$ cat data_30.cif   # mmCIF, C-alpha atoms
data_work
#
loop_
_atom_site.group_PDB
_atom_site.id
_atom_site.type_symbol
_atom_site.label_atom_id
_atom_site.label_comp_id
_atom_site.auth_asym_id
_atom_site.auth_seq_id
_atom_site.Cartn_x
_atom_site.Cartn_y
_atom_site.Cartn_z
ATOM 1 C CA MET I 1 -1.667 8.868 -28.380
ATOM 2 C CA ARG I 2 -2.399 10.097 -31.914
ATOM 3 C CA ALA I 3 -0.034 12.536 -33.608
ATOM 4 C CA ASP I 4 -2.734 15.240 -33.517
ATOM 5 C CA ALA I 5 -3.618 14.622 -29.860
ATOM 6 C CA PHE I 6 -2.969 18.242 -28.888
ATOM 7 C CA ALA I 7 -4.241 20.002 -32.007
ATOM 8 C CA LEU I 8 -7.300 21.164 -30.057
ATOM 9 C CA SER I 9 -7.078 23.499 -27.077
ATOM 10 C CA ASP I 10 -8.427 22.333 -23.733
ATOM 11 C CA GLU I 11 -11.474 24.577 -24.186
ATOM 12 C CA GLU I 12 -12.171 23.113 -27.636
ATOM 13 C CA LYS I 13 -11.925 19.614 -26.209
ATOM 14 C CA LYS I 14 -14.373 20.496 -23.452
ATOM 15 C CA GLU I 15 -16.880 21.818 -25.981
ATOM 16 C CA ARG I 16 -16.689 18.628 -28.044
ATOM 17 C CA ILE I 17 -16.917 16.321 -25.026
ATOM 18 C CA LEU I 18 -19.879 18.340 -23.736
ATOM 19 C CA GLU I 19 -21.793 17.774 -26.976
ATOM 20 C CA HIS I 20 -20.849 14.090 -27.176
ATOM 21 C CA PHE I 21 -21.879 13.433 -23.585
ATOM 22 C CA LYS I 22 -25.097 15.340 -24.071
ATOM 23 C CA GLY I 23 -25.794 12.914 -26.946
ATOM 24 C CA ILE I 24 -25.080 9.900 -24.729
ATOM 25 C CA MET I 25 -27.458 11.176 -22.060
ATOM 26 C CA HIS I 26 -30.131 11.892 -24.665
ATOM 27 C CA THR I 27 -29.714 8.378 -26.124
ATOM 28 C CA LEU I 28 -30.183 6.903 -22.660
ATOM 29 C CA GLY I 29 -33.501 8.732 -22.442
ATOM 30 C CA LEU I 30 -32.526 11.257 -19.777
ATOM 31 C CA ASP I 31 -34.322 14.604 -19.595
ATOM 32 C CA LEU I 32 -31.654 17.254 -20.218
ATOM 33 C CA THR I 33 -34.041 20.016 -19.162
ATOM 34 C CA ASP I 34 -34.125 18.606 -15.618
ATOM 35 C CA ASP I 35 -32.333 21.045 -13.325
ATOM 36 C CA SER I 36 -30.268 18.212 -11.823
ATOM 37 C CA LEU I 37 -29.053 16.975 -15.219
ATOM 38 C CA GLN I 38 -28.767 20.032 -17.453
ATOM 39 C CA GLY I 39 -25.301 20.977 -16.164
ATOM 40 C CA THR I 40 -23.954 17.412 -16.236
ATOM 41 C CA PRO I 41 -22.417 17.433 -19.751
ATOM 42 C CA LYS I 42 -20.394 20.546 -18.879
ATOM 43 C CA ARG I 43 -19.303 19.096 -15.546
ATOM 44 C CA VAL I 44 -18.218 15.831 -17.179
ATOM 45 C CA ALA I 45 -16.263 17.666 -19.895
ATOM 46 C CA GLU I 46 -14.420 19.820 -17.351
ATOM 47 C CA MET I 47 -13.724 16.822 -15.136
ATOM 48 C CA MET I 48 -12.244 14.804 -18.006
ATOM 49 C CA VAL I 49 -9.954 17.516 -19.360
ATOM 50 C CA ASP I 50 -8.913 19.283 -16.152
ATOM 51 C CA GLU I 51 -8.833 16.388 -13.698
ATOM 52 C CA LEU I 52 -9.262 12.735 -14.679
ATOM 53 C CA PHE I 53 -7.110 12.863 -17.816
ATOM 54 C CA ALA I 54 -4.846 15.836 -17.116
ATOM 55 C CA GLY I 55 -1.858 13.467 -17.202
ATOM 56 C CA LEU I 56 -2.241 12.931 -20.951
ATOM 57 C CA ARG I 57 -0.352 16.181 -21.468
ATOM 58 C CA GLU I 58 3.382 15.617 -21.099
ATOM 59 C CA ASP I 59 3.901 19.345 -20.458
ATOM 60 C CA ARG I 60 2.133 18.735 -17.142
ATOM 61 C CA MET I 61 4.762 16.214 -16.036
ATOM 62 C CA PRO I 62 5.924 17.353 -12.572
ATOM 63 C CA LYS I 63 9.406 18.847 -12.451
ATOM 64 C CA MET I 64 11.568 16.100 -10.984
ATOM 65 C CA SER I 65 13.876 18.203 -8.819
ATOM 66 C CA THR I 66 16.888 16.232 -7.609
ATOM 67 C CA PHE I 67 19.631 17.135 -5.152
ATOM 68 C CA GLU I 68 23.115 15.916 -4.433
ATOM 69 C CA ASN I 69 23.143 13.191 -1.796
ATOM 70 C CA LYS I 70 25.478 15.175 0.484
ATOM 71 C CA TYR I 71 24.572 13.136 3.552
ATOM 72 C CA ARG I 72 25.659 9.955 1.710
ATOM 73 C CA TYR I 73 22.500 8.041 2.551
ATOM 74 C CA GLY I 74 23.082 4.718 0.821
ATOM 75 C CA GLU I 75 20.135 2.639 1.977
ATOM 76 C CA MET I 76 16.746 2.156 0.400
ATOM 77 C CA LEU I 77 14.297 5.070 0.505
ATOM 78 C CA VAL I 78 10.642 4.022 0.388
ATOM 79 C CA GLU I 79 7.589 6.219 -0.115
ATOM 80 C CA LYS I 80 4.625 3.983 0.618
ATOM 81 C CA ASN I 81 0.842 4.232 0.523
ATOM 82 C CA ILE I 82 0.767 6.841 -2.262
ATOM 83 C CA VAL I 83 -2.886 7.231 -3.238
ATOM 84 C CA VAL I 84 -3.723 6.161 -6.792
ATOM 85 C CA TYR I 85 -6.841 7.423 -8.574
ATOM 86 C CA SER I 86 -6.863 6.345 -12.185
ATOM 87 C CA THR I 87 -9.268 5.231 -14.929
ATOM 88 C CA CYS I 88 -9.384 1.844 -16.632
ATOM 89 C CA GLU I 89 -9.010 2.391 -20.378
ATOM 90 C CA HIS I 90 -11.187 -0.637 -21.180
ATOM 91 C CA HIS I 91 -14.388 0.479 -19.435
ATOM 92 C CA PHE I 92 -13.571 4.039 -18.283
ATOM 93 C CA LEU I 93 -14.305 3.105 -14.682
ATOM 94 C CA PRO I 94 -12.132 4.070 -11.692
ATOM 95 C CA ILE I 95 -8.989 2.344 -10.494
ATOM 96 C CA VAL I 96 -8.380 3.151 -6.813
ATOM 97 C CA GLY I 97 -5.459 1.962 -4.743
ATOM 98 C CA ARG I 98 -1.983 2.564 -3.362
ATOM 99 C CA ALA I 99 1.478 2.744 -4.882
ATOM 100 C CA HIS I 100 4.712 1.979 -3.040
ATOM 101 C CA LEU I 101 7.846 3.471 -4.595
ATOM 102 C CA ALA I 102 11.494 3.007 -3.653
ATOM 103 C CA TYR I 103 14.993 3.817 -4.863
ATOM 104 C CA ILE I 104 18.617 3.566 -3.806
ATOM 105 C CA SER I 105 20.617 6.718 -4.512
ATOM 106 C CA LYS I 106 23.566 6.705 -6.889
ATOM 107 C CA GLY I 107 24.471 10.281 -5.971
ATOM 108 C CA GLN I 108 21.123 12.045 -6.365
ATOM 109 C CA VAL I 109 18.031 12.215 -4.163
ATOM 110 C CA ILE I 110 14.579 13.464 -5.096
ATOM 111 C CA GLY I 111 12.034 15.581 -3.213
ATOM 112 C CA LEU I 112 9.550 13.262 -1.501
ATOM 113 C CA SER I 113 6.470 15.066 -2.791
ATOM 114 C CA LYS I 114 7.773 14.653 -6.356
ATOM 115 C CA MET I 115 7.321 10.903 -6.008
ATOM 116 C CA ASN I 116 3.645 11.377 -5.112
ATOM 117 C CA ARG I 117 3.186 13.859 -7.943
ATOM 118 C CA LEU I 118 4.795 11.480 -10.429
ATOM 119 C CA VAL I 119 2.396 8.677 -9.495
ATOM 120 C CA ASP I 120 -0.538 11.095 -9.777
ATOM 121 C CA HIS I 121 0.633 12.282 -13.215
ATOM 122 C CA PHE I 122 0.680 8.813 -14.751
ATOM 123 C CA ALA I 123 -2.562 7.860 -12.986
ATOM 124 C CA LYS I 124 -4.426 10.798 -14.549
ATOM 125 C CA ARG I 125 -5.006 9.191 -17.926
ATOM 126 C CA PRO I 126 -6.889 6.175 -19.277
ATOM 127 C CA GLN I 127 -4.637 3.410 -17.976
ATOM 128 C CA VAL I 128 -3.674 -0.213 -17.722
ATOM 129 C CA GLN I 129 -2.159 -0.862 -14.287
ATOM 130 C CA GLU I 130 0.779 -2.854 -15.662
ATOM 131 C CA ARG I 131 1.813 -0.008 -17.967
ATOM 132 C CA MET I 132 1.344 2.651 -15.300
ATOM 133 C CA THR I 133 3.628 0.749 -12.898
ATOM 134 C CA ARG I 134 6.384 0.595 -15.525
ATOM 135 C CA GLN I 135 5.944 4.259 -16.500
ATOM 136 C CA ILE I 136 6.438 5.358 -12.898
ATOM 137 C CA VAL I 137 9.662 3.354 -12.569
ATOM 138 C CA LYS I 138 11.082 4.502 -15.918
ATOM 139 C CA ALA I 139 10.450 8.172 -15.057
ATOM 140 C CA MET I 140 12.130 7.780 -11.646
ATOM 141 C CA GLN I 141 15.121 6.021 -13.205
ATOM 142 C CA LYS I 142 15.541 8.818 -15.716
ATOM 143 C CA ALA I 143 15.290 11.552 -13.076
ATOM 144 C CA LEU I 144 17.712 9.888 -10.655
ATOM 145 C CA GLY I 145 20.174 8.464 -13.159
ATOM 146 C CA THR I 146 19.960 4.974 -11.679
ATOM 147 C CA GLU I 147 18.262 1.687 -12.495
ATOM 148 C CA ASP I 148 17.758 1.000 -8.774
ATOM 149 C CA VAL I 149 14.052 1.860 -8.581
ATOM 150 C CA ALA I 150 11.049 -0.299 -7.676
ATOM 151 C CA CYS I 151 7.293 0.158 -7.586
ATOM 152 C CA VAL I 152 4.391 -1.974 -6.363
ATOM 153 C CA VAL I 153 0.781 -0.950 -7.026
ATOM 154 C CA ASP I 154 -2.197 -2.573 -5.281
ATOM 155 C CA ALA I 155 -5.522 -1.329 -6.626
ATOM 156 C CA LYS I 156 -9.197 -2.103 -6.992
ATOM 157 C CA HIS I 157 -10.677 -1.913 -10.503
ATOM 158 C CA LEU I 158 -14.317 -0.924 -10.520
ATOM 159 C CA CYS I 159 -14.715 -2.670 -13.884
ATOM 160 C CA VAL I 160 -14.279 -5.861 -11.827
ATOM 161 C CA ASN I 161 -15.843 -4.667 -8.558
ATOM 162 C CA SER I 162 -18.996 -2.943 -9.849
ATOM 163 C CA ARG I 163 -19.823 -4.732 -13.130
ATOM 164 C CA GLY I 164 -19.292 -8.089 -14.784
ATOM 165 C CA ILE I 165 -18.272 -10.534 -12.062
ATOM 166 C CA ARG I 166 -18.894 -7.823 -9.401
ATOM 167 C CA ASP I 167 -16.220 -9.166 -7.064
ATOM 168 C CA ILE I 168 -15.933 -6.387 -4.482
ATOM 169 C CA ASP I 169 -13.074 -7.988 -2.529
ATOM 170 C CA SER I 170 -10.435 -8.615 -5.202
ATOM 171 C CA SER I 171 -7.592 -6.239 -6.000
ATOM 172 C CA THR I 172 -4.812 -6.241 -8.574
ATOM 173 C CA VAL I 173 -1.118 -6.107 -7.661
ATOM 174 C CA THR I 174 1.592 -5.159 -10.150
ATOM 175 C CA ALA I 175 5.309 -4.682 -9.631
ATOM 176 C CA GLU I 176 8.354 -3.411 -11.509
ATOM 177 C CA TYR I 177 11.850 -3.985 -10.145
ATOM 178 C CA GLY I 178 14.903 -2.258 -11.620
ATOM 179 C CA GLY I 179 18.601 -2.728 -10.965
ATOM 180 C CA VAL I 180 19.484 -4.181 -7.554
ATOM 181 C CA PHE I 181 15.776 -4.558 -6.711
ATOM 182 C CA GLN I 182 15.821 -7.644 -8.939
ATOM 183 C CA GLU I 183 18.012 -9.348 -6.330
ATOM 184 C CA GLU I 184 15.859 -11.467 -4.019
ATOM 185 C CA SER I 185 17.298 -10.041 -0.781
ATOM 186 C CA VAL I 186 16.735 -6.414 -1.844
ATOM 187 C CA LYS I 187 13.279 -7.184 -3.207
ATOM 188 C CA ARG I 188 12.381 -8.912 0.061
ATOM 189 C CA GLU I 189 13.574 -5.915 2.112
ATOM 190 C CA PHE I 190 11.420 -3.567 0.007
ATOM 191 C CA LEU I 191 8.355 -5.769 0.410
ATOM 192 C CA GLN I 192 8.919 -5.933 4.170
ATOM 193 C CA PHE I 193 9.095 -2.133 4.347
ATOM 194 C CA ILE I 194 5.774 -1.659 2.577
ATOM 195 C CA GLN I 195 4.094 -4.130 4.942
ATOM 196 C CA LEU I 196 5.082 -2.087 8.013
ATOM 197 C CA GLU I 197 2.127 -0.584 9.867
ATOM 198 C CA THR I 198 2.052 3.213 9.679
ATOM 199 C CA ASP I 199 0.020 4.658 12.535
ATOM 200 C CA PHE I 200 0.612 8.208 13.708
ATOM 201 C CA ASN I 201 -2.608 8.562 15.721
ATOM 202 C CA SER I 202 -0.674 8.547 18.990
ATOM 203 C CA ILE I 203 1.625 11.442 17.990
#
$ encode --input "data_30.cif" --output "structure tokens"
Amino acid sequence: MRADAFALSDEEKKERILEHFKGIMHTLGLDLTDDSLQGTPKRVAEMMVDELFAGLREDRMPKMSTFENKYRYGEMLVEKNIVVYSTCEHHFLPIVGRAHLAYISKGQVIGLSKMNRLVDHFAKRPQVQERMTRQIVKAMQKALGTEDVACVVDAKHLCVNSRGIRDIDSSTVTAEYGGVFQEESVKREFLQFIQLETDFNSI
């Protein structure tokens, strides 16, 4: 991020993006008076600032509420199949997949929904999957006061699936293991947990 990244308000950014995108559409030869297209620049600007790239603002980082581990749960806690919607910073095309996040408490536990929100925060910016995986782990380690955090992300990149080689079946897997998760036995246990079938249709 540049030093002046937040010099403009969100509304000012939307106005600039609107004009720039209008120029792109005009260059492509699209008719901006068409009733289906005339609102597109505004929609794109709002989508970029308010949704797709909302995670660029650090003041929108979710509050990582932690609690004392009074019940002395000392085993691994895994939150799996967290939905990831991000954007590849190389082609500005979607990255869609799942994140699996785990930690072992050193005295503090974290609200489960905060883990989902943390993944969503770092996903909502132009990203490289490797960096996003590490950012998620570092933020969890800081919040919990422990190195014992791990994350695996499995995602499809539409820059691979829909353009270039157009391989619709491939996905990208990244992992970051901190603390005891670097031990083979602990890593293996984590990977076994995330492979468990989760089916609540019969409940």
$ residues_near_point --input "data_30.cif" --point "(9.4, 6.2, -0.1)" --cutoff "7 Å" --atoms "all atoms listed in the file" --output "list in words"
Leu77, Val78, Glu79, Lys80, His100, Leu101 and Ala102 of chain I
$ closest_residue --input "data_30.cif" --among "I:Leu18, I:Ile165, I:Ile104, I:Val49" --to "Thr146 in chain I" --atoms "all atoms listed in the file"
I:Ile104
$ closest_residue --input "data_30.cif" --among "I:Thr66, I:Ser86, I:Thr133, I:Ser185" --to "Ala150 in chain I" --atoms "only C-alpha atoms"
I:Thr133
$ resolve_selection --input "data_30.cif" --expression "the PyMOL selection byres ((chain I and resi 178) around 9)" --output "list in words"
Val137, Lys138, Gln141, Thr146, Glu147, Asp148, Val149, Ala150, Cys151, Glu176, Tyr177, Gly179, Val180, Phe181 and Gln182 of chain I
$ residues_around --input "data_30.cif" --residues "range 160-164 of chain I" --least-positions-apart "4" --cutoff "12 Å" --atoms "all atoms listed in the file" --output "tab-separated table (two decimals) with C-alpha atoms, in the frame of the given file"
chain	number	residue	atom	x	y	z
I	88	CYS	CA	-9.38	1.84	-16.63
I	90	HIS	CA	-11.19	-0.64	-21.18
I	91	HIS	CA	-14.39	0.48	-19.43
I	92	PHE	CA	-13.57	4.04	-18.28
I	93	LEU	CA	-14.30	3.10	-14.68
I	94	PRO	CA	-12.13	4.07	-11.69
I	95	ILE	CA	-8.99	2.34	-10.49
I	96	VAL	CA	-8.38	3.15	-6.81
I	155	ALA	CA	-5.52	-1.33	-6.63
I	156	LYS	CA	-9.20	-2.10	-6.99
I	168	ILE	CA	-15.93	-6.39	-4.48
I	169	ASP	CA	-13.07	-7.99	-2.53
I	170	SER	CA	-10.44	-8.62	-5.20
I	171	SER	CA	-7.59	-6.24	-6.00
I	172	THR	CA	-4.81	-6.24	-8.57
$ atom_distance --input "data_30.cif" --atom1 "CA of Arg131 in chain I" --atom2 "CA of Glu15 in chain I"
29.8 Å
$ closest_residue --input "data_30.cif" --among "I:Ser9, I:Gln195, I:Gln38, I:Ser105" --to "Leu144 in chain I" --atoms "all atoms listed in the file"
I:Ser105
$ residues_around --input "data_30.cif" --residues "range 22-24 of chain I" --least-positions-apart "2" --cutoff "10 Å" --atoms "all atoms listed in the file" --output "ChimeraX atom specification"
/I:16-20,26-30,32,37-42,44
$ closest_residue --input "data_30.cif" --among "I:Gly107, I:Gly74, I:Gly97, I:Gly55" --to "Ala143 in chain I" --atoms "all atoms listed in the file"
I:Gly107
$ closest_residue --input "data_30.cif" --among "I:Lys106, I:Phe53, I:Glu58, I:Ala175" --to "Gln127 in chain I" --atoms "only C-alpha atoms"
I:Phe53
$ closest_residue --input "data_30.cif" --among "I:Lys13, I:Lys124, I:Arg134, I:Arg2" --to "Thr87 in chain I" --atoms "all atoms listed in the file"
I:Lys124
$ resolve_selection --input "data_30.cif" --expression "the PyMOL selection byres ((chain I and resi 117) around 12)" --output "PDB file with C-alpha atoms, in the frame of the given file"
ATOM      1  CA  GLY I  55      -1.858  13.467 -17.202  1.00  0.00           C
ATOM      2  CA  ARG I  60       2.133  18.735 -17.142  1.00  0.00           C
ATOM      3  CA  MET I  61       4.762  16.214 -16.036  1.00  0.00           C
ATOM      4  CA  PRO I  62       5.924  17.353 -12.572  1.00  0.00           C
ATOM      5  CA  LYS I  63       9.406  18.847 -12.451  1.00  0.00           C
ATOM      6  CA  MET I  64      11.568  16.100 -10.984  1.00  0.00           C
ATOM      7  CA  SER I  65      13.876  18.203  -8.819  1.00  0.00           C
ATOM      8  CA  GLU I  79       7.589   6.219  -0.115  1.00  0.00           C
ATOM      9  CA  ILE I  82       0.767   6.841  -2.262  1.00  0.00           C
ATOM     10  CA  VAL I  83      -2.886   7.231  -3.238  1.00  0.00           C
ATOM     11  CA  VAL I  84      -3.723   6.161  -6.792  1.00  0.00           C
ATOM     12  CA  TYR I  85      -6.841   7.423  -8.574  1.00  0.00           C
ATOM     13  CA  ALA I  99       1.478   2.744  -4.882  1.00  0.00           C
ATOM     14  CA  LEU I 101       7.846   3.471  -4.595  1.00  0.00           C
ATOM     15  CA  ILE I 110      14.579  13.464  -5.096  1.00  0.00           C
ATOM     16  CA  GLY I 111      12.034  15.581  -3.213  1.00  0.00           C
ATOM     17  CA  LEU I 112       9.550  13.262  -1.501  1.00  0.00           C
ATOM     18  CA  SER I 113       6.470  15.066  -2.791  1.00  0.00           C
ATOM     19  CA  LYS I 114       7.773  14.653  -6.356  1.00  0.00           C
ATOM     20  CA  MET I 115       7.321  10.903  -6.008  1.00  0.00           C
ATOM     21  CA  ASN I 116       3.645  11.377  -5.112  1.00  0.00           C
ATOM     22  CA  LEU I 118       4.795  11.480 -10.429  1.00  0.00           C
ATOM     23  CA  VAL I 119       2.396   8.677  -9.495  1.00  0.00           C
ATOM     24  CA  ASP I 120      -0.538  11.095  -9.777  1.00  0.00           C
ATOM     25  CA  HIS I 121       0.633  12.282 -13.215  1.00  0.00           C
ATOM     26  CA  PHE I 122       0.680   8.813 -14.751  1.00  0.00           C
ATOM     27  CA  ALA I 123      -2.562   7.860 -12.986  1.00  0.00           C
ATOM     28  CA  LYS I 124      -4.426  10.798 -14.549  1.00  0.00           C
ATOM     29  CA  ILE I 136       6.438   5.358 -12.898  1.00  0.00           C
ATOM     30  CA  ALA I 139      10.450   8.172 -15.057  1.00  0.00           C
ATOM     31  CA  MET I 140      12.130   7.780 -11.646  1.00  0.00           C
TER      32      MET I 140
END
$ atom_distance --input "data_30.cif" --atom1 "CA of Val186 in chain I" --atom2 "CA of Val152 in chain I"
13.9 Å
$ atom_distance --input "data_30.cif" --atom1 "CA of Glu46 in chain I" --atom2 "CA of Lys14 in chain I"
6.1 Å
$ residues_around --input "data_30.cif" --residues "Glu89 in chain I" --least-positions-apart "6" --cutoff "9 Å" --atoms "all atoms listed in the file" --output "MDAnalysis selection string"
chainID I and resid 125:128
$ decode --input "data_30.cif" --residues "range 129-177 of chain I" --atoms "C-alpha atoms" --output "PDB file, in the first residue's frame"
ATOM      1  CA  GLN I 129      -2.901 -16.761  -2.041  1.00  0.00           C
ATOM      2  CA  GLU I 130       0.470 -17.456  -0.416  1.00  0.00           C
ATOM      3  CA  ARG I 131       0.514 -14.050   1.280  1.00  0.00           C
ATOM      4  CA  MET I 132      -3.117 -14.265   2.359  1.00  0.00           C
ATOM      5  CA  THR I 133      -2.492 -17.637   4.048  1.00  0.00           C
ATOM      6  CA  ARG I 134       0.411 -16.181   6.042  1.00  0.00           C
ATOM      7  CA  GLN I 135      -1.528 -13.024   6.955  1.00  0.00           C
ATOM      8  CA  ILE I 136      -4.353 -15.089   8.429  1.00  0.00           C
ATOM      9  CA  VAL I 137      -1.951 -17.114  10.585  1.00  0.00           C
ATOM     10  CA  LYS I 138       0.026 -14.077  11.779  1.00  0.00           C
ATOM     11  CA  ALA I 139      -3.172 -12.262  12.821  1.00  0.00           C
ATOM     12  CA  MET I 140      -4.423 -15.326  14.735  1.00  0.00           C
ATOM     13  CA  GLN I 141      -1.064 -15.741  16.471  1.00  0.00           C
ATOM     14  CA  LYS I 142      -1.105 -12.119  17.561  1.00  0.00           C
ATOM     15  CA  ALA I 143      -4.680 -12.299  18.863  1.00  0.00           C
ATOM     16  CA  LEU I 144      -4.165 -15.551  20.774  1.00  0.00           C
ATOM     17  CA  GLY I 145      -0.633 -14.963  22.014  1.00  0.00           C
ATOM     18  CA  THR I 146       0.604 -18.289  20.664  1.00  0.00           C
ATOM     19  CA  GLU I 147       2.578 -19.539  17.681  1.00  0.00           C
ATOM     20  CA  ASP I 148       0.435 -22.696  17.560  1.00  0.00           C
ATOM     21  CA  VAL I 149      -1.754 -21.728  14.596  1.00  0.00           C
ATOM     22  CA  ALA I 150      -2.146 -23.345  11.171  1.00  0.00           C
ATOM     23  CA  CYS I 151      -4.027 -22.552   7.983  1.00  0.00           C
ATOM     24  CA  VAL I 152      -4.600 -24.405   4.712  1.00  0.00           C
ATOM     25  CA  VAL I 153      -6.307 -22.704   1.760  1.00  0.00           C
ATOM     26  CA  ASP I 154      -7.578 -24.610  -1.290  1.00  0.00           C
ATOM     27  CA  ALA I 155      -8.875 -22.298  -4.009  1.00  0.00           C
ATOM     28  CA  LYS I 156      -9.627 -21.969  -7.692  1.00  0.00           C
ATOM     29  CA  HIS I 157      -8.100 -18.992  -9.522  1.00  0.00           C
ATOM     30  CA  LEU I 158     -10.211 -17.793 -12.410  1.00  0.00           C
ATOM     31  CA  CYS I 159      -7.079 -16.336 -14.018  1.00  0.00           C
ATOM     32  CA  VAL I 160      -6.143 -20.000 -14.568  1.00  0.00           C
ATOM     33  CA  ASN I 161      -9.651 -21.446 -14.966  1.00  0.00           C
ATOM     34  CA  SER I 162     -11.226 -18.891 -17.328  1.00  0.00           C
ATOM     35  CA  ARG I 163      -8.292 -17.461 -19.327  1.00  0.00           C
ATOM     36  CA  GLY I 164      -4.830 -18.463 -20.464  1.00  0.00           C
ATOM     37  CA  ILE I 165      -4.570 -22.233 -20.080  1.00  0.00           C
ATOM     38  CA  ARG I 166      -8.293 -22.387 -19.119  1.00  0.00           C
ATOM     39  CA  ASP I 167      -7.833 -25.408 -16.866  1.00  0.00           C
ATOM     40  CA  ILE I 168     -11.181 -25.596 -15.070  1.00  0.00           C
ATOM     41  CA  ASP I 169     -10.230 -28.523 -12.816  1.00  0.00           C
ATOM     42  CA  SER I 170      -7.037 -27.320 -11.125  1.00  0.00           C
ATOM     43  CA  SER I 171      -6.919 -25.620  -7.741  1.00  0.00           C
ATOM     44  CA  THR I 172      -4.139 -24.110  -5.656  1.00  0.00           C
ATOM     45  CA  VAL I 173      -3.313 -25.265  -2.123  1.00  0.00           C
ATOM     46  CA  THR I 174      -1.234 -23.197   0.293  1.00  0.00           C
ATOM     47  CA  ALA I 175      -0.369 -23.839   3.920  1.00  0.00           C
ATOM     48  CA  GLU I 176       1.244 -22.070   6.867  1.00  0.00           C
ATOM     49  CA  TYR I 177       2.162 -23.990  10.012  1.00  0.00           C
TER      50      TYR I 177
END
